[in-house]
$ cat entry.tsv   # TSV, N, CA and C atoms
chain	number	residue	atom	x	y	z
P	1	MET	N	-8.73	-8.67	-12.60
P	1	MET	CA	-8.71	-8.40	-11.18
P	1	MET	C	-8.84	-6.90	-10.94
P	2	ARG	N	-9.59	-6.56	-9.92
P	2	ARG	CA	-9.85	-5.17	-9.56
P	2	ARG	C	-8.59	-4.55	-8.94
P	3	LYS	N	-8.31	-3.31	-9.31
P	3	LYS	CA	-7.15	-2.59	-8.77
P	3	LYS	C	-7.39	-2.25	-7.30
P	4	LYS	N	-6.39	-2.49	-6.45
P	4	LYS	CA	-6.50	-2.20	-5.03
P	4	LYS	C	-6.20	-0.72	-4.78
P	5	VAL	N	-7.02	-0.11	-3.93
P	5	VAL	CA	-6.87	1.32	-3.61
P	5	VAL	C	-7.02	1.53	-2.12
P	6	GLN	N	-6.54	2.67	-1.65
P	6	GLN	CA	-6.65	3.04	-0.24
P	6	GLN	C	-8.12	3.28	0.10
P	7	GLN	N	-8.57	2.72	1.22
P	7	GLN	CA	-9.95	2.87	1.67
P	7	GLN	C	-9.97	3.07	3.18
P	8	VAL	N	-11.01	3.71	3.66
P	8	VAL	CA	-11.28	3.80	5.09
P	8	VAL	C	-12.25	2.68	5.41
P	9	VAL	N	-11.94	1.90	6.43
P	9	VAL	CA	-12.79	0.78	6.82
P	9	VAL	C	-13.12	0.92	8.30
P	10	VAL	N	-14.41	0.90	8.60
P	10	VAL	CA	-14.88	0.99	9.98
P	10	VAL	C	-15.39	-0.38	10.38
P	11	SER	N	-14.84	-0.94	11.46
P	11	SER	CA	-15.29	-2.24	11.93
P	11	SER	C	-16.21	-2.08	13.14
P	12	PHE	N	-17.01	-3.10	13.38
P	12	PHE	CA	-18.02	-3.07	14.44
P	12	PHE	C	-17.97	-4.36	15.24
P	13	GLU	N	-18.45	-4.29	16.47
P	13	GLU	CA	-18.52	-5.47	17.31
P	13	GLU	C	-19.78	-6.28	17.06
P	14	THR	N	-20.85	-5.61	16.61
P	14	THR	CA	-22.11	-6.32	16.36
P	14	THR	C	-22.72	-5.90	15.02
P	15	THR	N	-23.55	-6.76	14.50
P	15	THR	CA	-24.26	-6.45	13.25
P	15	THR	C	-25.19	-5.26	13.45
P	16	THR	N	-25.79	-5.16	14.61
P	16	THR	CA	-26.70	-4.04	14.91
P	16	THR	C	-25.96	-2.72	14.81
P	17	GLN	N	-24.74	-2.65	15.33
P	17	GLN	CA	-23.93	-1.42	15.24
P	17	GLN	C	-23.63	-1.09	13.79
P	18	ALA	N	-23.31	-2.10	12.99
P	18	ALA	CA	-23.00	-1.89	11.58
P	18	ALA	C	-24.22	-1.34	10.83
P	19	MET	N	-25.38	-1.90	11.10
P	19	MET	CA	-26.60	-1.46	10.43
P	19	MET	C	-27.01	-0.05	10.86
P	20	ALA	N	-26.81	0.27	12.14
P	20	ALA	CA	-27.11	1.62	12.63
P	20	ALA	C	-26.18	2.64	11.97
P	21	PHE	N	-24.91	2.27	11.82
P	21	PHE	CA	-23.95	3.16	11.17
P	21	PHE	C	-24.35	3.39	9.72
P	22	GLU	N	-24.74	2.33	9.03
P	22	GLU	CA	-25.15	2.46	7.63
P	22	GLU	C	-26.31	3.44	7.49
P	23	LEU	N	-27.32	3.33	8.34
P	23	LEU	CA	-28.46	4.25	8.28
P	23	LEU	C	-28.03	5.69	8.50
P	24	MET	N	-27.19	5.93	9.50
P	24	MET	CA	-26.74	7.28	9.80
P	24	MET	C	-25.85	7.83	8.68
P	25	ALA	N	-24.99	7.00	8.12
P	25	ALA	CA	-24.12	7.45	7.03
P	25	ALA	C	-24.94	7.88	5.83
P	26	LYS	N	-25.98	7.13	5.51
P	26	LYS	CA	-26.85	7.50	4.38
P	26	LYS	C	-27.58	8.80	4.68
P	27	GLU	N	-28.02	8.96	5.93
P	27	GLU	CA	-28.72	10.18	6.32
P	27	GLU	C	-27.81	11.40	6.20
P	28	PHE	N	-26.52	11.23	6.49
P	28	PHE	CA	-25.54	12.32	6.42
P	28	PHE	C	-24.85	12.40	5.06
P	29	ASN	N	-25.33	11.61	4.09
P	29	ASN	CA	-24.79	11.60	2.72
P	29	ASN	C	-23.31	11.25	2.66
P	30	ILE	N	-22.88	10.32	3.51
P	30	ILE	CA	-21.51	9.84	3.47
P	30	ILE	C	-21.48	8.62	2.55
P	31	LYS	N	-20.73	8.73	1.48
P	31	LYS	CA	-20.68	7.64	0.51
P	31	LYS	C	-19.91	6.46	1.08
P	32	GLY	N	-20.36	5.28	0.75
P	32	GLY	CA	-19.72	4.06	1.21
P	32	GLY	C	-20.74	2.94	1.23
P	33	ARG	N	-20.30	1.78	1.76
P	33	ARG	CA	-21.23	0.66	1.84
P	33	ARG	C	-20.71	-0.38	2.83
P	34	LEU	N	-21.62	-1.23	3.28
P	34	LEU	CA	-21.23	-2.33	4.15
P	34	LEU	C	-20.57	-3.42	3.30
P	35	ILE	N	-19.50	-3.98	3.84
P	35	ILE	CA	-18.77	-5.06	3.16
P	35	ILE	C	-18.44	-6.14	4.19
P	36	PRO	N	-18.09	-7.33	3.73
P	36	PRO	CA	-17.56	-8.32	4.68
P	36	PRO	C	-16.23	-7.79	5.24
P	37	VAL	N	-15.97	-8.08	6.50
P	37	VAL	CA	-14.74	-7.60	7.13
P	37	VAL	C	-13.53	-8.14	6.37
P	38	PRO	N	-12.60	-7.27	5.95
P	38	PRO	CA	-11.39	-7.74	5.28
P	38	PRO	C	-10.58	-8.68	6.18
P	39	ARG	N	-9.86	-9.58	5.57
P	39	ARG	CA	-9.06	-10.56	6.32
P	39	ARG	C	-8.02	-9.93	7.23
P	40	ASP	N	-7.57	-8.73	6.88
P	40	ASP	CA	-6.55	-8.03	7.68
P	40	ASP	C	-7.08	-7.56	9.03
P	41	ILE	N	-8.40	-7.57	9.19
P	41	ILE	CA	-9.03	-7.03	10.39
P	41	ILE	C	-9.68	-8.16	11.18
P	42	THR	N	-9.50	-8.12	12.48
P	42	THR	CA	-10.23	-9.02	13.36
P	42	THR	C	-11.30	-8.21	14.06
P	43	ALA	N	-12.53	-8.61	13.91
P	43	ALA	CA	-13.63	-7.88	14.55
P	43	ALA	C	-14.68	-8.88	15.01
P	44	GLY	N	-15.51	-8.45	15.95
P	44	GLY	CA	-16.54	-9.32	16.49
P	44	GLY	C	-17.68	-9.54	15.51
P	45	CYS	N	-17.86	-8.65	14.58
P	45	CYS	CA	-18.96	-8.71	13.62
P	45	CYS	C	-18.38	-9.01	12.24
P	46	GLY	N	-19.14	-9.60	11.39
P	46	GLY	CA	-18.67	-9.93	10.05
P	46	GLY	C	-18.83	-8.80	9.04
P	47	LEU	N	-19.30	-7.63	9.49
P	47	LEU	CA	-19.52	-6.50	8.59
P	47	LEU	C	-18.63	-5.32	8.92
P	48	ALA	N	-18.28	-4.56	7.89
P	48	ALA	CA	-17.51	-3.33	8.04
P	48	ALA	C	-18.04	-2.31	7.04
P	49	TRP	N	-17.80	-1.04	7.29
P	49	TRP	CA	-18.18	0.03	6.38
P	49	TRP	C	-16.95	0.45	5.60
P	50	ARG	N	-17.05	0.49	4.28
P	50	ARG	CA	-15.93	0.90	3.43
P	50	ARG	C	-16.28	2.21	2.74
P	51	SER	N	-15.31	3.12	2.72
P	51	SER	CA	-15.53	4.41	2.09
P	51	SER	C	-14.20	4.95	1.58
P	52	ASP	N	-14.27	6.01	0.79
P	52	ASP	CA	-13.06	6.65	0.28
P	52	ASP	C	-12.33	7.37	1.41
P	53	PRO	N	-11.00	7.48	1.31
P	53	PRO	CA	-10.21	8.12	2.37
P	53	PRO	C	-10.61	9.56	2.66
P	54	ASP	N	-11.13	10.28	1.68
P	54	ASP	CA	-11.49	11.68	1.89
P	54	ASP	C	-12.74	11.84	2.77
P	55	THR	N	-13.40	10.74	3.12
P	55	THR	CA	-14.57	10.82	4.00
P	55	THR	C	-14.24	10.54	5.46
P	56	LYS	N	-12.98	10.30	5.77
P	56	LYS	CA	-12.61	9.90	7.13
P	56	LYS	C	-13.04	10.94	8.17
P	57	SER	N	-12.80	12.21	7.91
P	57	SER	CA	-13.18	13.24	8.89
P	57	SER	C	-14.70	13.31	9.06
P	58	GLU	N	-15.45	13.12	7.97
P	58	GLU	CA	-16.91	13.10	8.06
P	58	GLU	C	-17.38	11.91	8.90
P	59	ILE	N	-16.74	10.76	8.70
P	59	ILE	CA	-17.09	9.55	9.46
P	59	ILE	C	-16.81	9.78	10.94
P	60	GLU	N	-15.66	10.34	11.26
P	60	GLU	CA	-15.32	10.60	12.66
P	60	GLU	C	-16.30	11.58	13.30
P	61	GLU	N	-16.70	12.59	12.55
P	61	GLU	CA	-17.66	13.57	13.06
P	61	GLU	C	-19.03	12.92	13.28
P	62	LEU	N	-19.47	12.08	12.37
P	62	LEU	CA	-20.74	11.37	12.52
P	62	LEU	C	-20.72	10.50	13.78
P	63	ILE	N	-19.65	9.76	13.98
P	63	ILE	CA	-19.52	8.90	15.15
P	63	ILE	C	-19.61	9.73	16.44
P	64	LYS	N	-18.94	10.88	16.43
P	64	LYS	CA	-18.93	11.75	17.61
P	64	LYS	C	-20.31	12.36	17.86
P	65	GLN	N	-20.92	12.92	16.80
P	65	GLN	CA	-22.21	13.59	16.94
P	65	GLN	C	-23.32	12.65	17.39
P	66	LYS	N	-23.35	11.47	16.84
P	66	LYS	CA	-24.43	10.52	17.11
P	66	LYS	C	-24.07	9.48	18.18
P	67	SER	N	-22.89	9.61	18.77
P	67	SER	CA	-22.41	8.68	19.80
P	67	SER	C	-22.54	7.22	19.34
P	68	LEU	N	-22.14	6.98	18.10
P	68	LEU	CA	-22.21	5.63	17.55
P	68	LEU	C	-21.08	4.77	18.11
P	69	ILE	N	-21.37	3.51	18.31
P	69	ILE	CA	-20.38	2.58	18.84
P	69	ILE	C	-19.76	1.83	17.67
P	70	ILE	N	-18.44	1.91	17.59
P	70	ILE	CA	-17.70	1.18	16.56
P	70	ILE	C	-16.58	0.42	17.23
P	71	ASP	N	-15.94	-0.47	16.47
P	71	ASP	CA	-14.77	-1.18	16.97
P	71	ASP	C	-13.53	-0.33	16.69
P	72	CYS	N	-13.28	-0.03	15.40
P	72	CYS	CA	-12.07	0.71	15.04
P	72	CYS	C	-12.22	1.29	13.64
P	73	ILE	N	-11.41	2.31	13.33
P	73	ILE	CA	-11.33	2.87	11.98
P	73	ILE	C	-9.96	2.54	11.45
P	74	TYR	N	-9.92	1.94	10.26
P	74	TYR	CA	-8.67	1.54	9.63
P	74	TYR	C	-8.52	2.27	8.29
P	75	GLU	N	-7.29	2.43	7.85
P	75	GLU	CA	-7.00	2.86	6.48
P	75	GLU	C	-6.24	1.71	5.85
P	76	LEU	N	-6.85	1.06	4.87
P	76	LEU	CA	-6.29	-0.14	4.25
P	76	LEU	C	-6.26	0.00	2.74
P	77	ILE	N	-5.38	-0.75	2.13
P	77	ILE	CA	-5.39	-0.88	0.68
P	77	ILE	C	-6.13	-2.17	0.37
P	78	ILE	N	-7.33	-2.01	-0.19
P	78	ILE	CA	-8.15	-3.17	-0.52
P	78	ILE	C	-8.75	-3.03	-1.89

$ encode --input "entry.tsv" --output "structure tokens"
Amino acid sequence: MRKKVQQVVVSFETTTQAMAFELMAKEFNIKGRLIPVPRDITAGCGLAWRSDPDTKSEIEELIKQKSLIIDCIYELII
């Protein structure tokens, strides 16, 4: 079994929002990937972005700069 670690998880209301975030994150060299929404989170879309906790400020800045629409940012152990 894989060891659980602290992660930043960004949830979205739509798949389109998740895919737009993924493109922008790659453009800004923010490491992470789309994952199925963890069970601990309720979201309108079945996708979430997972990244290391040290990228949280970069993620917040990206969202602000590009006016991206997200549901919420979580810090979870997954």

$ closest_residue --input "entry.tsv" --among "P:Ile63, P:Ala25, P:Ile70, P:Ile78" --to "Val8 (chain P)" --atoms "only N, CA and C atoms"
P:Ile78

$ residues_around --input "entry.tsv" --residues "Glu13 (chain P)" --least-positions-apart "5" --cutoff "8 Å" --atoms "all atoms listed in the file" --output "PyMOL selection string"
chain P and resi 18+43-47+69-72

$ closest_residue --input "entry.tsv" --among "P:Ser67, P:Ser51, P:Thr15, P:Thr42" --to "Ile30 (chain P)" --atoms "only C-alpha atoms"
P:Ser51

$ residues_near_point --input "entry.tsv" --point "(-24.1, 1.9, 3.4)" --cutoff "7 Å" --atoms "only C-alpha atoms" --output "compact mmCIF listing (two decimals) with N, CA and C atoms, keeping the file's coordinate frame"
# COMPACT_ATOMS: atom_id res chain seq x y z
N GLU P 22 -24.74 2.33 9.03
CA GLU P 22 -25.15 2.46 7.63
C GLU P 22 -26.31 3.44 7.49
N LEU P 23 -27.32 3.33 8.34
CA LEU P 23 -28.46 4.25 8.28
C LEU P 23 -28.03 5.69 8.50
N ALA P 25 -24.99 7.00 8.12
CA ALA P 25 -24.12 7.45 7.03
C ALA P 25 -24.94 7.88 5.83
N LYS P 26 -25.98 7.13 5.51
CA LYS P 26 -26.85 7.50 4.38
C LYS P 26 -27.58 8.80 4.68
N GLY P 32 -20.36 5.28 0.75
CA GLY P 32 -19.72 4.06 1.21
C GLY P 32 -20.74 2.94 1.23
N ARG P 33 -20.30 1.78 1.76
CA ARG P 33 -21.23 0.66 1.84
C ARG P 33 -20.71 -0.38 2.83
N LEU P 34 -21.62 -1.23 3.28
CA LEU P 34 -21.23 -2.33 4.15
C LEU P 34 -20.57 -3.42 3.30
N TRP P 49 -17.80 -1.04 7.29
CA TRP P 49 -18.18 0.03 6.38
C TRP P 49 -16.95 0.45 5.60

$ residues_near_point --input "entry.tsv" --point "(-14.4, 6.9, 3.4)" --cutoff "6.5 Å" --atoms "only N, CA and C atoms" --output "VMD selection string"
chain P and resid 7 to 9 31 to 32 50 to 56

$ atom_distance --input "entry.tsv" --atom1 "CA of Met24 (chain P)" --atom2 "CA of Leu68 (chain P)"
9.1 Å

$ atom_distance --input "entry.tsv" --atom1 "atom N of Ser11 (chain P)" --atom2 "CA of Glu75 (chain P)"
10.0 Å

$ select_by_dssp --input "entry.tsv" --residues "chain P" --states "strand (DSSP E or B)" --output "PyMOL selection string"
chain P and resi 6-11+33-36+47-51+72-77

$ atom_distance --input "entry.tsv" --atom1 "atom N of Ile59 (chain P)" --atom2 "atom C of Pro38 (chain P)"
20.5 Å

$ closest_residue --input "entry.tsv" --among "P:Gln17, P:Glu60, P:Lys66, P:Ile77" --to "Lys4 (chain P)" --atoms "only C-alpha atoms"
P:Ile77

$ closest_residue --input "entry.tsv" --among "P:Met19, P:Leu62, P:Val37, P:Leu76" --to "Val5 (chain P)" --atoms "only C-alpha atoms"
P:Leu76

$ closest_residue --input "entry.tsv" --among "P:Ile73, P:Ala20, P:Val10, P:Lys3" --to "Ala48 (chain P)" --atoms "all atoms listed in the file"
P:Val10

$ select_by_dssp --input "entry.tsv" --residues "chain P" --states "alpha helix (DSSP H)" --output "PyMOL selection string"
chain P and resi 15-27+56-66
